[in-house]
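What follows is the content of protein_7.cif (mmCIF, C-alpha atoms and all ligand atoms).
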```cif
data_structure
loop_
_atom_site.group_PDB
_atom_site.id
_atom_site.type_symbol
_atom_site.label_atom_id
_atom_site.label_comp_id
_atom_site.auth_asym_id
_atom_site.auth_seq_id
_atom_site.Cartn_x
_atom_site.Cartn_y
_atom_site.Cartn_z
ATOM 1 C CA MET A 26 12.882 -103.886 13.529
ATOM 2 C CA LEU A 27 12.297 -105.011 9.953
ATOM 3 C CA ALA A 28 14.484 -103.523 7.234
ATOM 4 C CA SER A 29 11.395 -102.080 5.503
ATOM 5 C CA ASP A 30 10.310 -100.392 8.762
ATOM 6 C CA PHE A 31 13.765 -98.906 9.110
ATOM 7 C CA GLU A 32 13.657 -97.638 5.513
ATOM 8 C CA SER A 33 10.285 -95.998 6.072
ATOM 9 C CA ILE A 34 11.422 -93.992 9.097
ATOM 10 C CA LEU A 35 14.862 -93.211 7.652
ATOM 11 C CA PRO A 36 14.000 -89.653 6.467
ATOM 12 C CA LEU A 37 12.702 -88.890 9.969
ATOM 13 C CA LEU A 38 15.888 -90.316 11.496
ATOM 14 C CA HIS A 39 18.007 -88.058 9.259
ATOM 15 C CA VAL A 40 16.134 -84.994 10.534
ATOM 16 C CA MET A 41 16.271 -86.190 14.148
ATOM 17 C CA VAL A 42 20.028 -86.755 14.027
ATOM 18 C CA PHE A 43 20.570 -83.271 12.554
ATOM 19 C CA CYS A 44 18.347 -81.701 15.238
ATOM 20 C CA PHE A 45 20.093 -83.694 17.970
ATOM 21 C CA GLY A 46 23.449 -82.416 16.660
ATOM 22 C CA CYS A 47 22.122 -78.825 16.752
ATOM 23 C CA VAL A 48 20.970 -79.229 20.372
ATOM 24 C CA VAL A 49 24.389 -80.646 21.302
ATOM 25 C CA GLY A 50 25.954 -77.712 19.422
ATOM 26 C CA SER A 51 23.906 -75.303 21.568
ATOM 27 C CA PHE A 52 25.364 -76.929 24.696
ATOM 28 C CA LEU A 53 28.853 -76.859 23.143
ATOM 29 C CA ASN A 54 28.489 -73.086 22.667
ATOM 30 C CA VAL A 55 28.159 -72.839 26.454
ATOM 31 C CA VAL A 56 31.131 -75.204 26.953
ATOM 32 C CA VAL A 57 33.340 -73.260 24.519
ATOM 33 C CA TRP A 58 32.560 -69.952 26.256
ATOM 34 C CA ARG A 59 32.609 -71.011 29.908
ATOM 35 C CA LEU A 60 35.160 -73.845 30.192
ATOM 36 C CA PRO A 61 38.293 -71.805 29.353
ATOM 37 C CA ARG A 62 37.070 -69.078 31.741
ATOM 38 C CA GLY A 63 36.736 -71.536 34.614
ATOM 39 C CA GLU A 64 32.961 -70.935 34.865
ATOM 40 C CA SER A 65 30.358 -73.558 35.783
ATOM 41 C CA LEU A 66 28.583 -75.124 32.801
ATOM 42 C CA LEU A 67 25.233 -75.185 34.639
ATOM 43 C CA HIS A 68 25.162 -72.020 36.751
ATOM 44 C CA PRO A 69 24.054 -69.364 36.159
ATOM 45 C CA PRO A 70 21.517 -70.325 33.435
ATOM 46 C CA SER A 71 22.058 -68.761 29.983
ATOM 47 C CA HIS A 72 21.592 -65.006 30.022
ATOM 48 C CA CYS A 73 22.392 -61.913 27.965
ATOM 49 C CA PRO A 74 25.911 -60.788 29.021
ATOM 50 C CA LEU A 75 24.910 -57.122 28.577
ATOM 51 C CA CYS A 76 21.547 -56.729 30.361
ATOM 52 C CA GLY A 77 21.407 -60.016 32.298
ATOM 53 C CA HIS A 78 18.066 -61.004 30.669
ATOM 54 C CA GLY A 79 17.478 -64.724 31.310
ATOM 55 C CA ILE A 80 17.154 -66.707 28.068
ATOM 56 C CA ARG A 81 13.691 -68.274 27.964
ATOM 57 C CA ALA A 82 13.059 -71.736 26.500
ATOM 58 C CA TRP A 83 11.664 -70.429 23.202
ATOM 59 C CA GLU A 84 14.713 -68.133 22.837
ATOM 60 C CA ASN A 85 17.020 -71.135 23.161
ATOM 61 C CA ILE A 86 15.934 -73.210 20.142
ATOM 62 C CA PRO A 87 19.089 -73.849 18.087
ATOM 63 C CA ILE A 88 19.394 -71.668 14.942
ATOM 64 C CA VAL A 89 15.609 -70.932 14.837
ATOM 65 C CA SER A 90 15.592 -68.586 17.852
ATOM 66 C CA TRP A 91 18.550 -66.582 16.559
ATOM 67 C CA LEU A 92 16.771 -66.137 13.206
ATOM 68 C CA CYS A 93 13.430 -65.221 14.829
ATOM 69 C CA LEU A 94 15.112 -62.698 17.133
ATOM 70 C CA GLY A 95 17.002 -61.195 14.192
ATOM 71 C CA GLY A 96 20.287 -61.907 15.996
ATOM 72 C CA ARG A 97 19.390 -59.544 18.882
ATOM 73 C CA CYS A 98 18.638 -59.906 22.617
ATOM 74 C CA SER A 99 14.835 -59.713 23.079
ATOM 75 C CA ALA A 100 15.235 -57.332 26.053
ATOM 76 C CA CYS A 101 18.063 -54.860 25.278
ATOM 77 C CA LYS A 102 18.377 -55.496 21.504
ATOM 78 C CA ALA A 103 22.139 -56.009 21.795
ATOM 79 C CA GLY A 104 23.575 -58.104 18.938
ATOM 80 C CA ILE A 105 24.036 -61.856 19.513
ATOM 81 C CA SER A 106 27.110 -63.177 17.693
ATOM 82 C CA ILE A 107 26.454 -65.240 14.571
ATOM 83 C CA ARG A 108 28.987 -67.755 15.835
ATOM 84 C CA TYR A 109 26.235 -69.248 18.069
ATOM 85 C CA PRO A 110 23.864 -70.369 15.264
ATOM 86 C CA LEU A 111 26.894 -71.253 13.125
ATOM 87 C CA GLY A 112 28.257 -73.498 15.910
ATOM 88 C CA GLU A 113 24.854 -75.185 16.232
ATOM 89 C CA ALA A 114 24.566 -75.710 12.467
ATOM 90 C CA ALA A 115 28.140 -77.058 12.248
ATOM 91 C CA SER A 116 27.411 -79.517 15.034
ATOM 92 C CA GLY A 117 24.127 -80.605 13.402
ATOM 93 C CA LEU A 118 25.827 -81.139 10.038
ATOM 94 C CA LEU A 119 28.740 -83.060 11.564
ATOM 95 C CA PHE A 120 26.410 -85.363 13.520
ATOM 96 C CA TRP A 121 24.353 -85.972 10.395
ATOM 97 C CA LEU A 122 27.501 -86.619 8.297
ATOM 98 C CA ILE A 123 28.894 -89.143 10.794
ATOM 99 C CA TRP A 124 25.509 -90.897 10.974
ATOM 100 C CA PHE A 125 25.025 -90.882 7.183
ATOM 101 C CA CYS A 126 28.513 -92.300 6.536
ATOM 102 C CA ALA A 127 28.058 -94.984 9.211
ATOM 103 C CA LEU A 128 24.853 -96.082 7.434
ATOM 104 C CA LYS A 129 26.506 -96.025 4.006
ATOM 105 C CA ARG A 130 29.481 -98.047 5.281
ATOM 106 C CA HIS A 131 27.177 -100.535 7.055
ATOM 107 C CA LEU A 132 29.013 -99.966 10.324
ATOM 108 C CA PRO A 133 27.474 -101.542 13.422
ATOM 109 C CA LEU A 134 25.136 -98.967 14.968
ATOM 110 C CA ALA A 135 26.921 -99.618 18.281
ATOM 111 C CA VAL A 136 29.702 -97.271 17.075
ATOM 112 C CA LEU A 137 27.340 -94.282 16.925
ATOM 113 C CA PRO A 138 27.188 -93.226 20.609
ATOM 114 C CA ALA A 139 30.994 -93.210 20.780
ATOM 115 C CA TYR A 140 31.266 -91.416 17.421
ATOM 116 C CA PHE A 141 28.694 -88.798 18.483
ATOM 117 C CA TYR A 142 30.436 -88.158 21.784
ATOM 118 C CA LEU A 143 33.796 -87.833 20.051
ATOM 119 C CA THR A 144 32.266 -85.509 17.439
ATOM 120 C CA GLY A 145 31.021 -83.129 20.149
ATOM 121 C CA ALA A 146 34.197 -83.331 22.231
ATOM 122 C CA LEU A 147 36.386 -82.589 19.195
ATOM 123 C CA LEU A 148 34.196 -79.668 18.135
ATOM 124 C CA ALA A 149 34.500 -78.080 21.582
ATOM 125 C CA ALA A 150 38.247 -78.821 21.832
ATOM 126 C CA ALA A 151 38.941 -77.418 18.351
ATOM 127 C CA GLN A 152 37.047 -74.174 19.007
ATOM 128 C CA ILE A 153 38.677 -73.620 22.417
ATOM 129 C CA ASP A 154 42.122 -74.432 21.011
ATOM 130 C CA ARG A 155 41.610 -72.025 18.100
ATOM 131 C CA THR A 156 40.635 -69.158 20.400
ATOM 132 C CA HIS A 157 42.614 -69.802 23.598
ATOM 133 C CA LYS A 158 45.413 -72.116 22.379
ATOM 134 C CA ILE A 159 44.607 -74.671 25.078
ATOM 135 C CA ILE A 160 42.741 -77.972 25.107
ATOM 136 C CA PRO A 161 41.175 -78.365 28.571
ATOM 137 C CA ASP A 162 41.716 -81.628 30.468
ATOM 138 C CA ALA A 163 37.990 -81.380 31.290
ATOM 139 C CA ILE A 164 37.352 -82.483 27.691
ATOM 140 C CA THR A 165 40.089 -85.048 27.093
ATOM 141 C CA LEU A 166 40.317 -86.898 30.438
ATOM 142 C CA PRO A 167 36.579 -87.700 30.795
ATOM 143 C CA GLY A 168 36.683 -88.638 27.090
ATOM 144 C CA LEU A 169 39.444 -91.174 27.747
ATOM 145 C CA LEU A 170 37.500 -92.666 30.656
ATOM 146 C CA LEU A 171 34.255 -92.762 28.689
ATOM 147 C CA ALA A 172 35.897 -94.469 25.714
ATOM 148 C CA PHE A 173 37.230 -97.158 28.049
ATOM 149 C CA CYS A 174 33.854 -97.659 29.782
ATOM 150 C CA TRP A 175 32.079 -97.747 26.418
ATOM 151 C CA SER A 176 34.459 -100.407 25.083
ATOM 152 C CA LEU A 177 33.673 -102.567 28.140
ATOM 153 C CA ALA A 178 29.928 -101.966 27.893
ATOM 154 C CA LEU A 179 29.715 -102.583 24.145
ATOM 155 C CA PRO A 180 32.696 -104.507 22.694
ATOM 156 C CA THR A 181 30.840 -104.679 19.348
ATOM 157 C CA SER A 182 31.499 -100.945 18.959
ATOM 158 C CA ARG A 183 35.205 -101.721 18.371
ATOM 159 C CA LEU A 184 35.717 -102.047 14.610
ATOM 160 C CA ALA A 185 39.077 -103.800 15.057
ATOM 161 C CA LEU A 186 37.173 -106.618 16.756
ATOM 162 C CA VAL A 187 34.096 -106.854 14.548
ATOM 163 C CA ALA A 188 35.866 -106.378 11.188
ATOM 164 C CA PRO A 189 39.524 -107.341 11.735
ATOM 165 C CA ASP A 190 40.208 -107.930 8.013
ATOM 166 C CA ASP A 191 38.623 -104.734 6.698
ATOM 167 C CA PRO A 192 41.331 -102.152 5.884
ATOM 168 C CA HIS A 193 38.867 -99.446 6.920
ATOM 169 C CA SER A 194 38.446 -100.762 10.447
ATOM 170 C CA GLY A 195 42.025 -99.913 11.447
ATOM 171 C CA ALA A 196 42.884 -103.274 13.006
ATOM 172 C CA MET A 197 46.511 -103.571 11.854
ATOM 173 C CA LEU A 198 48.260 -102.625 15.109
ATOM 174 C CA TYR A 199 45.731 -104.455 17.280
ATOM 175 C CA ASN A 200 46.102 -107.635 15.184
ATOM 176 C CA GLY A 201 49.896 -107.262 15.378
ATOM 177 C CA LEU A 202 49.779 -107.007 19.161
ATOM 178 C CA VAL A 203 47.449 -110.004 19.504
ATOM 179 C CA ASP A 204 49.695 -112.076 17.204
ATOM 180 C CA ALA A 205 52.767 -111.083 19.194
ATOM 181 C CA MET A 206 51.048 -112.183 22.424
ATOM 182 C CA GLY A 207 50.801 -115.769 21.120
ATOM 183 C CA GLU A 208 48.550 -117.992 23.211
ATOM 184 C CA VAL A 209 47.564 -115.113 25.470
ATOM 185 C CA GLY A 210 46.421 -113.283 22.361
ATOM 186 C CA ILE A 211 44.321 -116.276 21.242
ATOM 187 C CA ALA A 212 42.756 -116.469 24.711
ATOM 188 C CA LEU A 213 42.097 -112.712 24.538
ATOM 189 C CA GLY A 214 40.101 -113.235 21.347
ATOM 190 C CA GLN A 215 37.707 -115.476 23.297
ATOM 191 C CA VAL A 216 36.797 -112.703 25.750
ATOM 192 C CA PRO A 217 35.273 -109.759 23.828
ATOM 193 C CA ILE A 218 35.307 -107.394 26.827
ATOM 194 C CA ALA A 219 39.016 -107.960 27.452
ATOM 195 C CA ALA A 220 39.811 -107.661 23.733
ATOM 196 C CA ALA A 221 37.846 -104.384 23.503
ATOM 197 C CA ALA A 222 39.630 -102.998 26.571
ATOM 198 C CA VAL A 223 43.031 -103.874 25.075
ATOM 199 C CA ASP A 224 42.054 -102.264 21.738
ATOM 200 C CA CYS A 225 40.959 -99.091 23.567
ATOM 201 C CA LEU A 226 44.063 -98.897 25.781
ATOM 202 C CA LEU A 227 46.355 -99.603 22.814
ATOM 203 C CA GLY A 228 44.709 -96.745 20.906
ATOM 204 C CA ALA A 229 45.165 -94.334 23.808
ATOM 205 C CA ALA A 230 48.780 -95.411 24.328
ATOM 206 C CA VAL A 231 49.700 -95.107 20.643
ATOM 207 C CA GLY A 232 48.063 -91.669 20.404
ATOM 208 C CA PHE A 233 49.866 -90.485 23.511
ATOM 209 C CA VAL A 234 53.297 -91.872 22.598
ATOM 210 C CA LEU A 235 53.164 -90.779 18.940
ATOM 211 C CA LEU A 236 52.500 -87.130 19.667
ATOM 212 C CA ALA A 237 54.549 -86.961 22.891
ATOM 213 C CA ALA A 238 57.559 -88.348 20.975
ATOM 214 C CA LEU A 239 56.978 -85.873 18.152
ATOM 215 C CA GLY A 240 56.692 -82.996 20.612
ATOM 216 C CA TYR A 241 59.882 -84.107 22.388
ATOM 217 C CA ALA A 242 61.737 -84.390 19.073
ATOM 218 C CA GLY A 243 60.419 -80.961 18.075
ATOM 219 C CA LYS A 244 61.815 -79.406 21.248
ATOM 220 C CA ARG A 245 65.193 -81.096 20.764
ATOM 221 C CA LEU A 246 65.624 -80.522 17.048
ATOM 222 C CA LEU A 247 64.073 -77.116 16.507
ATOM 223 C CA PRO A 248 65.035 -73.783 18.048
ATOM 224 C CA GLU A 249 63.635 -73.392 21.560
ATOM 225 C CA ARG A 250 60.902 -70.899 20.772
ATOM 226 C CA LEU A 251 59.670 -72.816 17.750
ATOM 227 C CA GLY A 252 59.974 -76.192 19.498
ATOM 228 C CA ARG A 253 57.710 -75.046 22.300
ATOM 229 C CA GLU A 254 55.089 -74.007 19.815
ATOM 230 C CA VAL A 255 55.212 -77.191 17.735
ATOM 231 C CA MET A 256 53.181 -79.324 20.117
ATOM 232 C CA GLY A 257 51.328 -78.618 23.311
ATOM 233 C CA PHE A 258 50.563 -81.330 25.826
ATOM 234 C CA GLY A 259 46.827 -80.783 25.281
ATOM 235 C CA ASP A 260 47.294 -82.064 21.722
ATOM 236 C CA VAL A 261 48.945 -85.217 23.104
ATOM 237 C CA LYS A 262 45.947 -85.965 25.327
ATOM 238 C CA LEU A 263 43.563 -85.126 22.480
ATOM 239 C CA LEU A 264 45.181 -87.703 20.170
ATOM 240 C CA ALA A 265 45.181 -90.218 23.048
ATOM 241 C CA MET A 266 41.402 -89.647 23.388
ATOM 242 C CA ILE A 267 40.937 -90.072 19.623
ATOM 243 C CA GLY A 268 42.937 -93.328 19.808
ATOM 244 C CA ALA A 269 40.874 -94.569 22.762
ATOM 245 C CA PHE A 270 37.674 -94.103 20.743
ATOM 246 C CA LEU A 271 38.858 -95.054 17.243
ATOM 247 C CA GLY A 272 41.753 -97.455 17.809
ATOM 248 C CA ALA A 273 45.519 -97.370 17.358
ATOM 249 C CA ASP A 274 45.657 -97.321 13.543
ATOM 250 C CA ALA A 275 43.370 -94.289 13.428
ATOM 251 C CA CYS A 276 45.954 -92.324 15.463
ATOM 252 C CA ILE A 277 48.579 -92.790 12.757
ATOM 253 C CA TYR A 278 46.247 -91.684 9.957
ATOM 254 C CA VAL A 279 44.834 -88.807 11.975
ATOM 255 C CA LEU A 280 48.290 -87.542 12.894
ATOM 256 C CA LEU A 281 49.581 -87.823 9.318
ATOM 257 C CA ALA A 282 46.543 -86.140 7.762
ATOM 258 C CA ALA A 283 46.496 -83.395 10.421
ATOM 259 C CA ALA A 284 50.212 -82.732 9.900
ATOM 260 C CA VAL A 285 49.772 -82.508 6.111
ATOM 261 C CA ALA A 286 46.726 -80.227 6.461
ATOM 262 C CA GLY A 287 48.516 -78.069 9.052
ATOM 263 C CA PHE A 288 51.604 -77.783 6.862
ATOM 264 C CA LEU A 289 49.528 -76.820 3.804
ATOM 265 C CA ALA A 290 47.589 -74.258 5.839
ATOM 266 C CA GLY A 291 50.885 -72.863 7.161
ATOM 267 C CA ALA A 292 52.277 -72.706 3.612
ATOM 268 C CA CYS A 293 49.169 -70.796 2.455
ATOM 269 C CA ARG A 294 49.569 -68.357 5.334
ATOM 270 C CA ARG A 295 53.205 -67.845 4.444
ATOM 271 C CA LEU A 296 52.346 -67.250 0.784
ATOM 272 C CA LEU A 297 49.824 -64.662 1.926
ATOM 273 C CA GLY A 298 52.525 -63.086 4.114
ATOM 274 C CA GLN A 299 50.780 -63.846 7.412
ATOM 275 C CA GLY A 300 53.538 -65.608 9.307
ATOM 276 C CA GLY A 301 55.870 -68.606 9.283
ATOM 277 C CA LEU A 302 55.179 -72.206 8.330
ATOM 278 C CA LEU A 303 54.640 -73.448 11.870
ATOM 279 C CA SER A 304 53.515 -70.321 13.621
ATOM 280 C CA ALA A 305 50.211 -69.185 15.027
ATOM 281 C CA TRP A 306 47.712 -71.925 14.179
ATOM 282 C CA PRO A 307 47.049 -74.466 16.923
ATOM 283 C CA PHE A 308 47.118 -78.144 15.985
ATOM 284 C CA GLY A 309 43.873 -79.226 17.716
ATOM 285 C CA PRO A 310 41.477 -78.209 14.904
ATOM 286 C CA PHE A 311 43.565 -80.138 12.363
ATOM 287 C CA LEU A 312 43.519 -83.251 14.563
ATOM 288 C CA ALA A 313 39.748 -82.864 14.891
ATOM 289 C CA MET A 314 39.219 -82.549 11.122
ATOM 290 C CA ALA A 315 41.394 -85.601 10.441
ATOM 291 C CA ALA A 316 39.461 -87.614 13.046
ATOM 292 C CA TYR A 317 36.146 -86.592 11.428
ATOM 293 C CA ALA A 318 37.496 -87.819 8.089
ATOM 294 C CA TRP A 319 38.409 -91.158 9.716
ATOM 295 C CA MET A 320 34.945 -91.553 11.241
ATOM 296 C CA ALA A 321 33.293 -90.617 7.929
ATOM 297 C CA ILE A 322 35.274 -92.688 5.427
ATOM 298 C CA GLY A 323 37.714 -94.864 7.405
ATOM 299 C CA ASN A 324 41.214 -95.477 6.090
ATOM 300 C CA TYR A 325 41.512 -92.542 3.686
ATOM 301 C CA PHE A 326 45.066 -93.310 2.589
ATOM 302 C CA PHE A 327 43.867 -96.758 1.524
ATOM 303 C CA ILE A 328 41.160 -95.082 -0.586
ATOM 304 C CA LEU A 329 43.756 -92.710 -2.044
ATOM 305 C CA MET A 330 46.149 -95.575 -2.886
ATOM 306 C CA ARG A 331 43.345 -97.616 -4.443
ATOM 307 C CA GLY A 332 42.387 -94.620 -6.567
ATOM 308 C CA LEU A 333 45.962 -94.306 -7.813
ATOM 309 C CA HIS A 334 46.149 -97.921 -8.998
HETATM 310 ZN ZN ZN B 401 20.245 -58.112 26.648
#
```
Turn this file's structure into structure tokens for me.
Ligand SMILES: [Zn+2]
Amino acid sequence: MLASDFESILPLLHVMVFCFGCVVGSFLNVVVWRLPRGESLLHPPSHCPLCGHGIRAWENIPIVSWLCLGGRCSACKAGISIRYPLGEAASGLLFWLIWFCALKRHLPLAVLPAYFYLTGALLAAAQIDRTHKIIPDAITLPGLLLAFCWSLALPTSRLALVAPDDPHSGAMLYNGLVDAMGEVGIALGQVPIAAAAVDCLLGAAVGFVLLAALGYAGKRLLPERLGREVMGFGDVKLLAMIGAFLGADACIYVLLAAAVAGFLAGACRRLLGQGGLLSAWPFGPFLAMAAYAWMAIGNYFFILMRGLH
């Protein structure tokens, strides 16, 4: 496609990406409700929990249907929570933001399917973690597998491979590993599929080890009750999934930014007299927000440092 053609359909693409995000958000609403309750995602079809009225196609249009129905079931007039249209809008906005930033940063479009999948998975994980204080394996384990398959199918989606010298691509640890491997590392560079697989596995391993080590240290160093609350194993698998999609460097930045944001949020809560520094708030939503920031702007500490100089 010519650049001018692309420019001419760009406004339409913006709208389509937002709408696609809203549709995904509608599905995520089902995931967030049913997955922690052990219910099937497909059966029974969506229905009003009060009167059992089956939701018809026109009642299932993201955001629009809720507005048209005035936030009420069309059969029994029971209220439908505003969190449904809000979840759909949040998903639409996040998809659009990730897409917009990828365009602005001139990222290869091959990153988008992986970024979109991760965006949806993180949104579901963060909402479930916030409400139920668990992150289901049904989100993180398929995510890990998909990231690996995607890296094999499309090695050009790995930024560490396509832009190894760009500080925003997060290639530092991968480059270090390849250098340390010597001739094997040089040979690896000749086989994009193998290099992409190594980048993906390194990301998953670094995410897993970083947070598992932190959780272990938390249990050893802090009082038992507090230590147990510091890090759940679901968080460990979530960061491993983030690493598998975004690479090893991203794990470090995501963990640091999430820890800072979590600490600040805890400090605010304490100032407001709502609990201790580390109590109550699960870590998953902070990891998700930090990963969104990485997908949107890349190496944010690099940007911060550059701004300071
Ligand atoms: Zn009803």
Go through the chains and note each residue within 12 Å of ligand ZN 401 (chain B), using only C-alpha atoms and all ligand atoms, then give the set as a PDB file with C-alpha atoms, in the frame of the given file.
```pdb
ATOM      1  CA  SER A  71      22.058 -68.761  29.983  1.00  0.00           C
ATOM      2  CA  HIS A  72      21.592 -65.006  30.022  1.00  0.00           C
ATOM      3  CA  CYS A  73      22.392 -61.913  27.965  1.00  0.00           C
ATOM      4  CA  PRO A  74      25.911 -60.788  29.021  1.00  0.00           C
ATOM      5  CA  LEU A  75      24.910 -57.122  28.577  1.00  0.00           C
ATOM      6  CA  CYS A  76      21.547 -56.729  30.361  1.00  0.00           C
ATOM      7  CA  GLY A  77      21.407 -60.016  32.298  1.00  0.00           C
ATOM      8  CA  HIS A  78      18.066 -61.004  30.669  1.00  0.00           C
ATOM      9  CA  GLY A  79      17.478 -64.724  31.310  1.00  0.00           C
ATOM     10  CA  ILE A  80      17.154 -66.707  28.068  1.00  0.00           C
ATOM     11  CA  LEU A  94      15.112 -62.698  17.133  1.00  0.00           C
ATOM     12  CA  GLY A  96      20.287 -61.907  15.996  1.00  0.00           C
ATOM     13  CA  ARG A  97      19.390 -59.544  18.882  1.00  0.00           C
ATOM     14  CA  CYS A  98      18.638 -59.906  22.617  1.00  0.00           C
ATOM     15  CA  SER A  99      14.835 -59.713  23.079  1.00  0.00           C
ATOM     16  CA  ALA A 100      15.235 -57.332  26.053  1.00  0.00           C
ATOM     17  CA  CYS A 101      18.063 -54.860  25.278  1.00  0.00           C
ATOM     18  CA  LYS A 102      18.377 -55.496  21.504  1.00  0.00           C
ATOM     19  CA  ALA A 103      22.139 -56.009  21.795  1.00  0.00           C
ATOM     20  CA  GLY A 104      23.575 -58.104  18.938  1.00  0.00           C
ATOM     21  CA  ILE A 105      24.036 -61.856  19.513  1.00  0.00           C
TER      22      ILE A 105
END
```
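When CA of Arg130 (chain A) is paired with CA of Gly272 (chain A), their separation reads 17.5 Å.
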> What does the distance from CA of Ile159 (chain A) to CA of Gly309 (chain A) come to in Å, to one decimal?
Replying inline: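 CA of Gly309 (chain A) lies 8.7 Å from CA of Ile159 (chain A).
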>> One decimal, in Å: what's the spacing between CA of Leu169 (chain A) and CA of Trp319 (chain A)?
In response: 18.1 Å
>> Can you pull out the residues contacting region 210-221 of chain A? Cut-off 8 Å, using only C-alpha atoms, and skip same-chain residues under 4 positions away; I want them as a PyMOL selection string.
In response: chain A and resi 176-180+183+186+202-206+225
>> Neighbouring residues of Met320 (chain A) were defined as those with any atom within 9 Å, considering only C-alpha atoms; residues of the same chain fewer than 6 positions away were excluded. Please report them as a ChimeraX atom specification.
In response: /A:123,126-127,140,271
>> Take the PyMOL selection byres (((chain A and resi 274) around 9) and not hetatm), run it mentally on this structure, and tell me the resulting residues as a ChimeraX atom specification.
In response: /A:194-199,228,231,268,271-273,275-279,324
> Written as a VMD selection string, what is the full residue list that the PyMOL selection byres (((chain A and resi 133) around 10) and not hetatm) yields on the file shown?
Replying inline: chain A and resid 127 to 128 130 to 132 134 to 137 181 to 184 187 to 188
>> Under the rule that only C-alpha atoms are counted, which of A:Ala114, A:Ala238, A:Ala163, A:Val55 is the nearest residue to Leu67 (chain A)?
In response: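 Smallest distance to Leu67 (chain A) is found for A:Val55.
For the residues A:Gly291, A:Pro161, A:Gly50, A:Gly240, ranking by smallest atom-to-atom distance to Leu148 (chain A) using all atoms listed in the file places A:Gly50 first.
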>> I'd like the residues picked by the PyMOL selection byres (((chain A and resi 31-46) around 9) and not hetatm) written out as JSON, numbers by chain, using the chain letters and numbers from the file.
In response: {"A": [26, 27, 28, 29, 30, 47, 48, 49, 50, 51, 87, 113, 114, 115, 116, 117, 118, 119, 120, 121, 122, 124, 125, 141, 145]}
> Ala290 (chain A): which residues within 10 Å, counting all atoms listed in the file, same-chain residues fewer than 3 positions away excluded, as a ChimeraX atom specification?
Replying inline: /A:284-287,293-296,302-303,306,311
